[in-house]
$ cat entry10.pdb   # PDB, C-alpha atoms and all ligand atoms
MODEL        1
ATOM      1  CA  MET A   1     -23.709   2.933 -14.454
ATOM      2  CA  ASN A   2     -21.108   3.273 -11.712
ATOM      3  CA  ARG A   3     -18.729   6.223 -12.072
ATOM      4  CA  THR A   4     -15.710   4.060 -11.215
ATOM      5  CA  PRO A   5     -14.460   2.184 -14.293
ATOM      6  CA  GLN A   6     -13.551  -1.483 -14.346
ATOM      7  CA  VAL A   7     -10.144  -2.809 -13.289
ATOM      8  CA  ASP A   8      -8.425  -2.874 -16.707
ATOM      9  CA  VAL A   9      -9.445   0.723 -17.512
ATOM     10  CA  ARG A  10      -8.190   1.943 -14.126
ATOM     11  CA  ARG A  11      -4.906   0.130 -14.685
ATOM     12  CA  GLU A  12      -4.465   1.718 -18.119
ATOM     13  CA  LEU A  13      -5.269   5.207 -16.800
ATOM     14  CA  ARG A  14      -2.778   4.821 -13.937
ATOM     15  CA  ARG A  15      -0.045   3.634 -16.267
ATOM     16  CA  GLU A  16      -0.616   6.534 -18.693
ATOM     17  CA  VAL A  17       0.190   9.099 -16.019
ATOM     18  CA  GLY A  18       3.083   7.164 -14.482
ATOM     19  CA  PHE A  19       1.026   6.276 -11.346
ATOM     20  CA  GLY A  20       0.800   9.896 -10.137
ATOM     21  CA  CYS A  21      -1.411  12.932 -10.869
ATOM     22  CA  PRO A  22      -0.018  14.441 -14.117
ATOM     23  CA  ILE A  23      -0.850  18.096 -13.365
ATOM     24  CA  PRO A  24       2.599  19.796 -13.264
ATOM     25  CA  GLY A  25       4.029  19.950  -9.752
ATOM     26  CA  CYS A  26       1.480  17.510  -8.292
ATOM     27  CA  GLY A  27       2.320  13.789  -8.696
ATOM     28  CA  ILE A  28       0.065  12.609  -5.856
ATOM     29  CA  PRO A  29      -0.456   8.849  -6.291
ATOM     30  CA  TYR A  30      -3.984   8.783  -4.802
ATOM     31  CA  LEU A  31      -5.916   8.858  -8.052
ATOM     32  CA  THR A  32      -9.499   9.197  -9.113
ATOM     33  CA  TRP A  33     -11.053   8.865 -12.573
ATOM     34  CA  HIS A  34     -12.111  12.002 -14.428
ATOM     35  CA  HIS A  35     -14.356  11.861 -17.486
ATOM     36  CA  PHE A  36     -13.782  14.773 -19.864
ATOM     37  CA  ASP A  37     -14.510  13.714 -23.455
ATOM     38  CA  PRO A  38     -17.446  13.820 -23.129
ATOM     39  CA  PRO A  39     -17.930  14.784 -19.455
ATOM     40  CA  TRP A  40     -19.866  12.360 -17.253
ATOM     41  CA  ARG A  41     -22.903  14.657 -17.056
ATOM     42  CA  GLU A  42     -23.218  14.483 -20.854
ATOM     43  CA  GLU A  43     -22.628  10.779 -21.250
ATOM     44  CA  GLN A  44     -21.949   7.983 -18.792
ATOM     45  CA  HIS A  45     -19.066   6.065 -20.360
ATOM     46  CA  HIS A  46     -15.797   4.341 -19.441
ATOM     47  CA  ARG A  47     -13.798   4.861 -22.636
ATOM     48  CA  PRO A  48     -10.211   5.398 -21.489
ATOM     49  CA  GLU A  49      -9.412   7.820 -24.349
ATOM     50  CA  GLY A  50     -11.945  10.271 -22.879
ATOM     51  CA  MET A  51     -10.784   9.828 -19.284
ATOM     52  CA  ILE A  52      -7.735  10.733 -17.220
ATOM     53  CA  ALA A  53      -6.416   9.794 -13.775
ATOM     54  CA  LEU A  54      -6.133  12.837 -11.483
ATOM     55  CA  CYS A  55      -5.778  13.403  -7.735
ATOM     56  CA  LEU A  56      -8.956  14.403  -5.864
ATOM     57  CA  THR A  57      -8.021  18.097  -5.783
ATOM     58  CA  HIS A  58      -7.289  18.339  -9.494
ATOM     59  CA  ALA A  59     -10.279  16.150 -10.400
ATOM     60  CA  GLY A  60     -12.441  18.674  -8.526
ATOM     61  CA  GLN A  61     -10.869  21.522 -10.486
ATOM     62  CA  ALA A  62     -11.345  19.588 -13.715
ATOM     63  CA  ASP A  63     -15.033  19.048 -12.849
ATOM     64  CA  ALA A  64     -15.319  22.822 -12.489
ATOM     65  CA  ASN A  65     -13.892  23.190 -16.021
ATOM     66  CA  ALA A  66     -10.427  24.422 -15.004
ATOM     67  CA  PHE A  67      -8.729  22.407 -17.759
ATOM     68  CA  GLU A  68      -9.571  22.256 -21.439
ATOM     69  CA  SER A  69     -10.015  18.897 -23.126
ATOM     70  CA  GLU A  70      -6.975  19.361 -25.335
ATOM     71  CA  TYR A  71      -4.781  20.069 -22.315
ATOM     72  CA  LEU A  72      -5.946  16.897 -20.548
ATOM     73  CA  LYS A  73      -5.409  14.884 -23.733
ATOM     74  CA  ASP A  74      -1.832  16.151 -23.939
ATOM     75  CA  LEU A  75      -1.231  15.245 -20.292
ATOM     76  CA  LYS A  76      -2.310  11.680 -20.985
ATOM     77  CA  HIS A  77       0.577  11.251 -23.369
ATOM     78  CA  SER A  78       3.296  13.395 -21.840
ATOM     79  CA  GLU A  79       6.101  11.256 -20.482
ATOM     80  CA  THR A  80       6.401  12.028 -16.825
ATOM     81  CA  ASP A  81       9.967  12.767 -15.740
ATOM     82  CA  ARG A  82       9.626  11.864 -12.082
ATOM     83  CA  GLU A  83      12.061   9.170 -11.028
ATOM     84  CA  GLU A  84       9.903   7.758  -8.277
ATOM     85  CA  VAL A  85       6.382   7.841  -6.955
ATOM     86  CA  ARG A  86       6.008   9.482  -3.546
ATOM     87  CA  GLY A  87       3.089   9.668  -1.193
ATOM     88  CA  GLU A  88       2.038   9.804   2.409
ATOM     89  CA  LEU A  89      -0.098   7.375   4.371
ATOM     90  CA  THR A  90      -2.994   9.502   5.472
ATOM     91  CA  TRP A  91      -4.660   7.425   8.162
ATOM     92  CA  MET A  92      -3.391   8.685  11.517
ATOM     93  CA  ARG A  93      -4.269   6.356  14.368
ATOM     94  CA  LYS A  94      -3.130   5.765  17.941
ATOM     95  CA  LYS A  95      -4.415   2.201  18.232
ATOM     96  CA  VAL A  96      -3.329  -0.043  15.399
ATOM     97  CA  LEU A  97      -3.542  -3.803  15.224
ATOM     98  CA  ALA A  98      -1.266  -5.058  12.455
ATOM     99  CA  LEU A  99      -2.158  -8.137  10.453
ATOM    100  CA  VAL A 100       1.060  -9.063   8.683
ATOM    101  CA  GLY A 101       1.183 -12.258   6.667
ATOM    102  CA  GLY A 102      -1.861 -13.660   8.465
ATOM    103  CA  ASN A 103      -0.518 -13.049  12.005
ATOM    104  CA  TRP A 104      -1.438 -10.351  14.548
ATOM    105  CA  TYR A 105       0.909  -7.796  16.085
ATOM    106  CA  TYR A 106      -0.192  -5.336  18.764
ATOM    107  CA  GLU A 107       2.070  -2.863  20.555
ATOM    108  CA  THR A 108       4.997  -4.654  18.906
ATOM    109  CA  PRO A 109       7.343  -1.948  17.594
ATOM    110  CA  VAL A 110       9.342  -4.179  15.263
ATOM    111  CA  ILE A 111       7.109  -6.647  13.467
ATOM    112  CA  LEU A 112       9.659  -8.126  11.070
ATOM    113  CA  LYS A 113      13.415  -7.956  11.289
ATOM    114  CA  ILE A 114      15.653  -9.489   8.610
ATOM    115  CA  GLY A 115      19.280  -9.685   9.719
ATOM    116  CA  ALA A 116      19.880  -6.257  11.302
ATOM    117  CA  THR A 117      17.245  -4.494   9.165
ATOM    118  CA  ASP A 118      13.855  -3.532  10.575
ATOM    119  CA  ALA A 119      11.742  -4.590   7.600
ATOM    120  CA  ILE A 120       8.364  -3.658   9.125
ATOM    121  CA  SER A 121       8.167  -1.433  12.196
ATOM    122  CA  PHE A 122       6.128   1.227  13.984
ATOM    123  CA  SER A 123       7.162   4.367  15.833
ATOM    124  CA  ARG A 124       5.053   7.135  17.394
ATOM    125  CA  ASP A 125       5.055  10.838  16.589
ATOM    126  CA  ASP A 126       4.967  13.550  19.283
ATOM    127  CA  GLU A 127       1.182  13.293  19.572
ATOM    128  CA  GLY A 128       1.300   9.500  19.922
ATOM    129  CA  TYR A 129       0.106   8.617  16.429
ATOM    130  CA  LEU A 130       1.615   5.452  14.989
ATOM    131  CA  LEU A 131       3.900   5.794  11.964
ATOM    132  CA  LEU A 132       4.677   2.825   9.746
ATOM    133  CA  SER A 133       8.123   2.124   8.328
ATOM    134  CA  LEU A 134       8.808  -0.626   5.861
ATOM    135  CA  ARG A 135      11.521  -1.935   3.595
ATOM    136  CA  MET A 136      10.374  -4.441   1.069
ATOM    137  CA  PRO A 137      12.778  -7.387   0.655
ATOM    138  CA  THR A 138      13.586  -8.615  -2.852
ATOM    139  CA  LEU A 139      16.018 -10.894  -4.636
ATOM    140  CA  SER A 140      15.669  -8.990  -7.917
ATOM    141  CA  GLY A 141      18.835  -6.949  -7.301
ATOM    142  CA  LEU A 142      16.836  -3.731  -7.781
ATOM    143  CA  PRO A 143      15.597  -1.377  -5.040
ATOM    144  CA  ARG A 144      12.037  -1.843  -3.842
ATOM    145  CA  ALA A 145       9.311   0.238  -2.199
ATOM    146  CA  GLN A 146      10.110   1.893   1.102
ATOM    147  CA  ILE A 147       7.980   3.578   3.726
ATOM    148  CA  VAL A 148       9.755   5.834   6.211
ATOM    149  CA  GLU A 149       7.441   7.002   9.008
ATOM    150  CA  ASN A 150       4.367   7.036   6.750
ATOM    151  CA  PHE A 151       6.118   8.562   3.695
ATOM    152  CA  PHE A 152       6.435   6.072   0.891
ATOM    153  CA  THR A 153       8.654   6.104  -2.168
ATOM    154  CA  VAL A 154       8.480   3.634  -5.006
ATOM    155  CA  GLY A 155      11.200   3.573  -7.661
ATOM    156  CA  ARG A 156      10.062   2.848 -11.187
ATOM    157  CA  ASP A 157      12.388  -0.075 -11.974
ATOM    158  CA  GLN A 158      10.302  -3.120 -12.881
ATOM    159  CA  VAL A 159       7.087  -1.575 -11.521
ATOM    160  CA  SER A 160       4.095  -2.909 -13.392
ATOM    161  CA  ASP A 161       1.383  -1.223 -11.288
ATOM    162  CA  ILE A 162       0.913   1.052  -8.305
ATOM    163  CA  GLU A 163      -2.619   1.384  -7.005
ATOM    164  CA  CYS A 164      -3.353   3.862  -4.223
ATOM    165  CA  ALA A 165      -7.005   4.261  -3.303
ATOM    166  CA  ALA A 166      -8.045   7.906  -3.524
ATOM    167  CA  ARG A 167      -8.771   8.174   0.206
ATOM    168  CA  GLY A 168      -5.488   6.566   1.188
ATOM    169  CA  ARG A 169      -6.881   3.290   2.460
ATOM    170  CA  THR A 170      -4.964   0.979   0.157
ATOM    171  CA  ILE A 171      -1.540   0.807  -1.459
ATOM    172  CA  LYS A 172      -0.839  -2.021  -3.832
ATOM    173  CA  ILE A 173       2.432  -2.381  -5.753
ATOM    174  CA  GLU A 174       3.234  -5.028  -8.346
ATOM    175  CA  TYR A 175       6.607  -5.656  -9.950
ATOM    176  CA  SER A 176       7.187  -7.391 -13.250
ATOM    177  CA  ASN A 177       9.358 -10.095 -11.599
ATOM    178  CA  GLY A 178       6.450 -11.118  -9.329
ATOM    179  CA  ASP A 179       7.370  -9.184  -6.148
ATOM    180  CA  ARG A 180       4.197  -7.768  -4.622
ATOM    181  CA  PHE A 181       3.141  -5.554  -1.753
ATOM    182  CA  LEU A 182      -0.272  -4.691  -0.329
ATOM    183  CA  GLN A 183      -1.180  -2.438   2.553
ATOM    184  CA  GLU A 184      -4.728  -1.671   3.638
ATOM    185  CA  TYR A 185      -6.422   0.033   6.599
ATOM    186  CA  ARG A 186      -9.751  -1.018   8.093
ATOM    187  CA  ASP A 187     -11.506   0.464  11.105
ATOM    188  CA  MET A 188     -12.928  -2.088  13.549
ATOM    189  CA  ALA A 189     -15.629  -0.926  15.931
ATOM    190  CA  ASP A 190     -15.461  -3.961  18.211
ATOM    191  CA  GLU A 191     -14.369  -7.568  18.557
ATOM    192  CA  ASP A 192     -17.403  -8.805  16.617
ATOM    193  CA  SER A 193     -16.489  -6.785  13.562
ATOM    194  CA  LEU A 194     -12.931  -8.147  13.771
ATOM    195  CA  ARG A 195     -14.304 -11.691  13.936
ATOM    196  CA  SER A 196     -16.785 -11.263  11.114
ATOM    197  CA  ARG A 197     -14.073  -9.833   8.861
ATOM    198  CA  TYR A 198     -11.198 -12.187   9.692
ATOM    199  CA  GLY A 199     -12.904 -15.373  10.937
ATOM    200  CA  ASP A 200     -10.486 -18.176  11.780
ATOM    201  CA  LEU A 201      -7.463 -15.877  11.843
ATOM    202  CA  VAL A 202      -8.796 -14.349  15.081
ATOM    203  CA  GLY A 203      -8.965 -17.726  16.886
ATOM    204  CA  SER A 204     -11.771 -19.199  18.992
ATOM    205  CA  GLY A 205     -11.354 -17.654  22.459
ATOM    206  CA  PRO A 206     -11.875 -13.990  23.337
ATOM    207  CA  VAL A 207      -9.091 -11.696  22.119
ATOM    208  CA  ASN A 208      -6.531 -10.575  24.664
ATOM    209  CA  GLU A 209      -7.997  -8.082  27.137
ATOM    210  CA  SER A 210      -5.194  -5.565  26.554
ATOM    211  CA  ILE A 211      -6.514  -4.966  23.035
ATOM    212  CA  GLU A 212      -8.890  -2.004  23.131
ATOM    213  CA  PHE A 213     -11.617  -1.312  20.606
ATOM    214  CA  PRO A 214     -12.352   0.641  18.495
ATOM    215  CA  LEU A 215      -9.053   0.272  16.670
ATOM    216  CA  THR A 216      -7.663   0.202  13.157
ATOM    217  CA  VAL A 217      -6.328  -2.900  11.501
ATOM    218  CA  VAL A 218      -3.477  -2.400   9.045
ATOM    219  CA  GLU A 219      -3.140  -5.393   6.752
ATOM    220  CA  VAL A 220       0.237  -5.969   5.150
ATOM    221  CA  SER A 221       1.100  -8.741   2.751
ATOM    222  CA  GLU A 222       4.174  -9.072   0.585
ATOM    223  CA  GLN A 223       5.785 -11.642  -1.602
ATOM    224  CA  THR A 224       9.477 -11.825  -2.425
ATOM    225  CA  LYS A 225       9.860 -13.789  -5.613
ATOM    226  CA  ASP A 226      12.444 -16.608  -5.661
ATOM    227  CA  SER A 227      12.962 -16.409  -1.909
ATOM    228  CA  ARG A 228      11.612 -18.601   0.871
ATOM    229  CA  LEU A 229       9.965 -15.557   2.404
ATOM    230  CA  ASP A 230       6.278 -15.059   1.823
ATOM    231  CA  PHE A 231       3.735 -12.985   3.750
ATOM    232  CA  ASP A 232       0.440 -13.749   2.068
ATOM    233  CA  PRO A 233      -2.856 -12.467   3.512
ATOM    234  CA  LEU A 234      -3.506 -15.719   5.386
ATOM    235  CA  SER A 235      -0.090 -16.992   6.443
ATOM    236  CA  THR A 236       3.609 -16.328   6.836
ATOM    237  CA  ARG A 237       6.179 -18.708   5.372
ATOM    238  CA  ILE A 238       9.841 -18.395   6.233
ATOM    239  CA  GLY A 239      12.033 -21.205   5.002
ATOM    240  CA  GLY A 240      10.140 -24.409   5.800
ATOM    241  CA  MET A 241       8.143 -22.820   8.635
ATOM    242  CA  GLN A 242       4.574 -21.636   8.259
ATOM    243  CA  MET A 243       2.539 -19.660  10.799
ATOM    244  CA  SER A 244      -0.966 -18.286  10.740
ATOM    245  CA  GLY A 245      -3.364 -16.692  13.241
ATOM    246  CA  CYS A 246      -0.670 -16.149  15.907
ATOM    247  CA  TRP A 247      -0.863 -13.198  18.296
ATOM    248  CA  SER A 248       2.161 -11.137  19.254
ATOM    249  CA  ILE A 249       1.223  -8.644  21.976
ATOM    250  CA  ARG A 250       3.646  -6.193  23.570
ATOM    251  CA  ASN A 251       6.770  -7.862  22.194
ATOM    252  CA  GLY A 252       9.904  -5.992  21.199
ATOM    253  CA  VAL A 253      10.319  -7.921  17.970
ATOM    254  CA  GLY A 254       7.597 -10.047  16.389
ATOM    255  CA  VAL A 255       9.568 -12.159  13.914
ATOM    256  CA  HIS A 256      13.342 -12.106  13.489
ATOM    257  CA  PHE A 257      14.624 -13.854  10.376
ATOM    258  CA  ASP A 258      18.314 -14.058  11.118
ATOM    259  CA  VAL A 259      20.452 -14.110   7.981
ATOM    260  CA  PRO A 260      24.160 -13.470   7.385
ATOM    261  CA  PRO A 261      25.119  -9.914   6.262
ATOM    262  CA  ASP A 262      25.710 -10.902   2.610
ATOM    263  CA  VAL A 263      22.195 -12.371   2.355
ATOM    264  CA  GLU A 264      20.742  -9.290   4.071
ATOM    265  CA  LYS A 265      22.480  -7.104   1.476
ATOM    266  CA  ARG A 266      20.894  -9.129  -1.296
ATOM    267  CA  PHE A 267      17.434  -8.691   0.262
ATOM    268  CA  PHE A 268      17.801  -4.901   0.502
ATOM    269  CA  PRO A 269      19.736  -3.553  -2.496
ATOM    270  CA  VAL A 270      20.401   0.196  -2.272
ATOM    271  CA  ASN A 271      20.034   2.752  -5.070
TER
HETATM  272 ZN    ZN B 301      -3.067  16.535  -8.602
ENDMDL
END
$ encode --input "entry10.pdb" --output "structure tokens"
Amino acid sequence: MNRTPQVDVRRELRREVGFGCPIPGCGIPYLTWHHFDPPWREEQHHRPEGMIALCLTHAGQADANAFESEYLKDLKHSETDREEVRGELTWMRKKVLALVGGNWYYETPVILKIGATDAISFSRDDEGYLLLSLRMPTLSGLPRAQIVENFFTVGRDQVSDIECAARGRTIKIEYSNGDRFLQEYRDMADEDSLRSRYGDLVGSGPVNESIEFPLTVVEVSEQTKDSRLDFDPLSTRIGGMQMSGCWSIRNGVGVHFDVPPDVEKRFFPVN
């Protein structure tokens, strides 16, 4: 039996703790699955009532018996009072190839601009590591997830699930109105590994010589419900236009969706 429980159990355990580690003062959204009643070494089971979602640090402490069963049971049902979920993207890389809505962006600081808002962009820190910033567009009227130079915050309005892989590779956010966001890192050793993973999206000829391997691909997809703006994993749709497998290398702005200020305000409601 695998120690990681199936999807529906993980979802329930995340929801119980409000999508962040419930140990007081922690709140880290990178969660792992701790078995305590009974512990895994006594019985291999995936019964959610005997499990709790904890961050890696606190799961390690729990494995060493730092917390009594009763305490963990109480934590499972204590309403968390945090207003938003906060976390940090932990993969620090200097060479990042972004795959956003099925199109490639390399050394392109602003990938998506909507009106005057940089909706997806990169900057570099003092050591040259790339930092991702993102504002998720919506027509729900409620604020959506934001990433500011690798620090993300997700308000709780309408959130139906937040899934952050324990090692920081993936962030997946789902809203009850259908808005969605997914971000995932993958290391690519060479062009062959890029091709075997992404197939037709890479295109038939050799990739541009300015792209140096090894590098890290960051995949971003997002869907804005009721809008004509959709960045699914294989293609980008804006209005009636669809694009897929395009390369944007060393451009200032990848895609600029020019909208009037009132529409821009609707896409990015503030708290
Ligand atoms: Zn913790």
$ closest_residue --input "entry10.pdb" --among "A:Leu112, A:Ala166, A:Val218, A:Leu134" --to "ligand ZN 301 (chain B)" --atoms "all atoms listed in the file"
A:Ala166
$ resolve_selection --input "entry10.pdb" --expression "the PyMOL selection byres (((chain A and resi 115) around 12) and not hetatm)" --output "ChimeraX atom specification"
/A:112-114,116-119,137,255-268
$ atom_distance --input "entry10.pdb" --atom1 "CA of Arg15 in chain A" --atom2 "CA of Ile147 in chain A"
21.5 Å
$ closest_residue --input "entry10.pdb" --among "A:Ser160, A:Ser235, A:Tyr106, A:Glu149" --to "Leu215 in chain A" --atoms "all atoms listed in the file"
A:Tyr106
$ residues_near_ligand --input "entry10.pdb" --ligand "ligand ZN 301 (chain B)" --cutoff "9 Å" --atoms "all atoms listed in the file" --output "PyMOL selection string"
chain A and resi 20-31+54-59
$ residues_around --input "entry10.pdb" --residues "range 36-52 of chain A" --least-positions-apart "2" --cutoff "10 Å" --atoms "only C-alpha atoms" --output "ChimeraX atom specification"
/A:1-6,8-10,12-14,16-17,21-22,31-34,54,59,62-63,65,67-70,72-73,75-76
$ residues_around --input "entry10.pdb" --residues "Asp125 in chain A" --least-positions-apart "3" --cutoff "12 Å" --atoms "all atoms listed in the file" --output "ChimeraX atom specification"
/A:92-94,122,128-132,149-150
$ write_last_selection --input "entry10.pdb" --atoms "C-alpha atoms" --output "mmCIF file, keeping the file's coordinate frame"
data_model
loop_
_atom_site.group_PDB
_atom_site.id
_atom_site.type_symbol
_atom_site.label_atom_id
_atom_site.label_comp_id
_atom_site.auth_asym_id
_atom_site.auth_seq_id
_atom_site.Cartn_x
_atom_site.Cartn_y
_atom_site.Cartn_z
ATOM 1 C CA MET A 92 -3.391 8.685 11.517
ATOM 2 C CA ARG A 93 -4.269 6.356 14.368
ATOM 3 C CA LYS A 94 -3.130 5.765 17.941
ATOM 4 C CA PHE A 122 6.128 1.227 13.984
ATOM 5 C CA GLY A 128 1.300 9.500 19.922
ATOM 6 C CA TYR A 129 0.106 8.617 16.429
ATOM 7 C CA LEU A 130 1.615 5.452 14.989
ATOM 8 C CA LEU A 131 3.900 5.794 11.964
ATOM 9 C CA LEU A 132 4.677 2.825 9.746
ATOM 10 C CA GLU A 149 7.441 7.002 9.008
ATOM 11 C CA ASN A 150 4.367 7.036 6.750
#
$ axis_aligned_box --input "entry10.pdb" --around "range 110-118 of chain A" --padding-each-side "8 Å" --output "JSON"
{"center_x": 13.5, "center_y": -6.6, "center_z": 11.9, "size_x": 28.8, "size_y": 22.2, "size_z": 22.7}
$ resolve_selection --input "entry10.pdb" --expression "the PyMOL selection byres (((chain A and resi 205-214) around 7) and not hetatm)" --output "MDAnalysis selection string"
chainID A and resid 188:190 203:204 215
$ closest_residue --input "entry10.pdb" --among "A:Thr170, A:Thr108, A:Thr216, A:Gln158" --to "Glu184 in chain A" --atoms "only C-alpha atoms"
A:Thr170
$ atom_distance --input "entry10.pdb" --atom1 "CA of Thr236 in chain A" --atom2 "CA of Ala98 in chain A"
13.5 Å
$ closest_residue --input "entry10.pdb" --among "A:Glu84, A:Asp74, A:Glu219, A:Glu174" --to "Gly155 in chain A" --atoms "all atoms listed in the file"
A:Glu84
$ closest_residue --input "entry10.pdb" --among "A:Pro233, A:Gly168, A:Gly60, A:Pro109" --to "Arg250 in chain A" --atoms "all atoms listed in the file"
A:Pro109
$ residues_around --input "entry10.pdb" --residues "Thr153 in chain A" --least-positions-apart "3" --cutoff "10 Å" --atoms "only C-alpha atoms" --output "VMD selection string"
chain A and resid 83 to 88 144 to 148 150 156
$ atom_distance --input "entry10.pdb" --atom1 "CA of Arg197 in chain A" --atom2 "CA of Gly239 in chain A"
28.7 Å
$ resolve_selection --input "entry10.pdb" --expression "the PyMOL selection byres (((chain A and resi 142) around 8) and not hetatm)" --output "number ranges by chain"
A: 138-141, 143-144, 157, 269-271
$ residues_around --input "entry10.pdb" --residues "Arg180 in chain A" --least-positions-apart "3" --cutoff "10 Å" --atoms "only C-alpha atoms" --output "list in words"
Met136, Thr138, Arg144, Ala145, Val159, Asp161, Lys172, Ile173, Glu174, Tyr175, Ser176, Asn177, Ser221, Glu222, Gln223, Thr224, Lys225, Asp230, Phe231 and Asp232 of chain A
$ write_last_selection --input "entry10.pdb" --atoms "C-alpha atoms" --output "JSON list (two decimals), keeping the file's coordinate frame"
[["chain", "number", "residue", "atom", "x", "y", "z"],
["A", 136, "MET", "CA", 10.37, -4.44, 1.07],
["A", 138, "THR", "CA", 13.59, -8.62, -2.85],
["A", 144, "ARG", "CA", 12.04, -1.84, -3.84],
["A", 145, "ALA", "CA", 9.31, 0.24, -2.20],
["A", 159, "VAL", "CA", 7.09, -1.58, -11.52],
["A", 161, "ASP", "CA", 1.38, -1.22, -11.29],
["A", 172, "LYS", "CA", -0.84, -2.02, -3.83],
["A", 173, "ILE", "CA", 2.43, -2.38, -5.75],
["A", 174, "GLU", "CA", 3.23, -5.03, -8.35],
["A", 175, "TYR", "CA", 6.61, -5.66, -9.95],
["A", 176, "SER", "CA", 7.19, -7.39, -13.25],
["A", 177, "ASN", "CA", 9.36, -10.10, -11.60],
["A", 221, "SER", "CA", 1.10, -8.74, 2.75],
["A", 222, "GLU", "CA", 4.17, -9.07, 0.58],
["A", 223, "GLN", "CA", 5.78, -11.64, -1.60],
["A", 224, "THR", "CA", 9.48, -11.82, -2.42],
["A", 225, "LYS", "CA", 9.86, -13.79, -5.61],
["A", 230, "ASP", "CA", 6.28, -15.06, 1.82],
["A", 231, "PHE", "CA", 3.74, -12.98, 3.75],
["A", 232, "ASP", "CA", 0.44, -13.75, 2.07]]
$ residues_around --input "entry10.pdb" --residues "Gly199 in chain A" --least-positions-apart "6" --cutoff "12 Å" --atoms "only C-alpha atoms" --output "list in words"
Gly102, Glu191, Asp192, Ser193, Gly205, Leu234 and Gly245 of chain A
$ closest_residue --input "entry10.pdb" --among "A:Val7, A:Gly18, A:Phe152, A:Val220" --to "Ser78 in chain A" --atoms "only C-alpha atoms"
A:Gly18
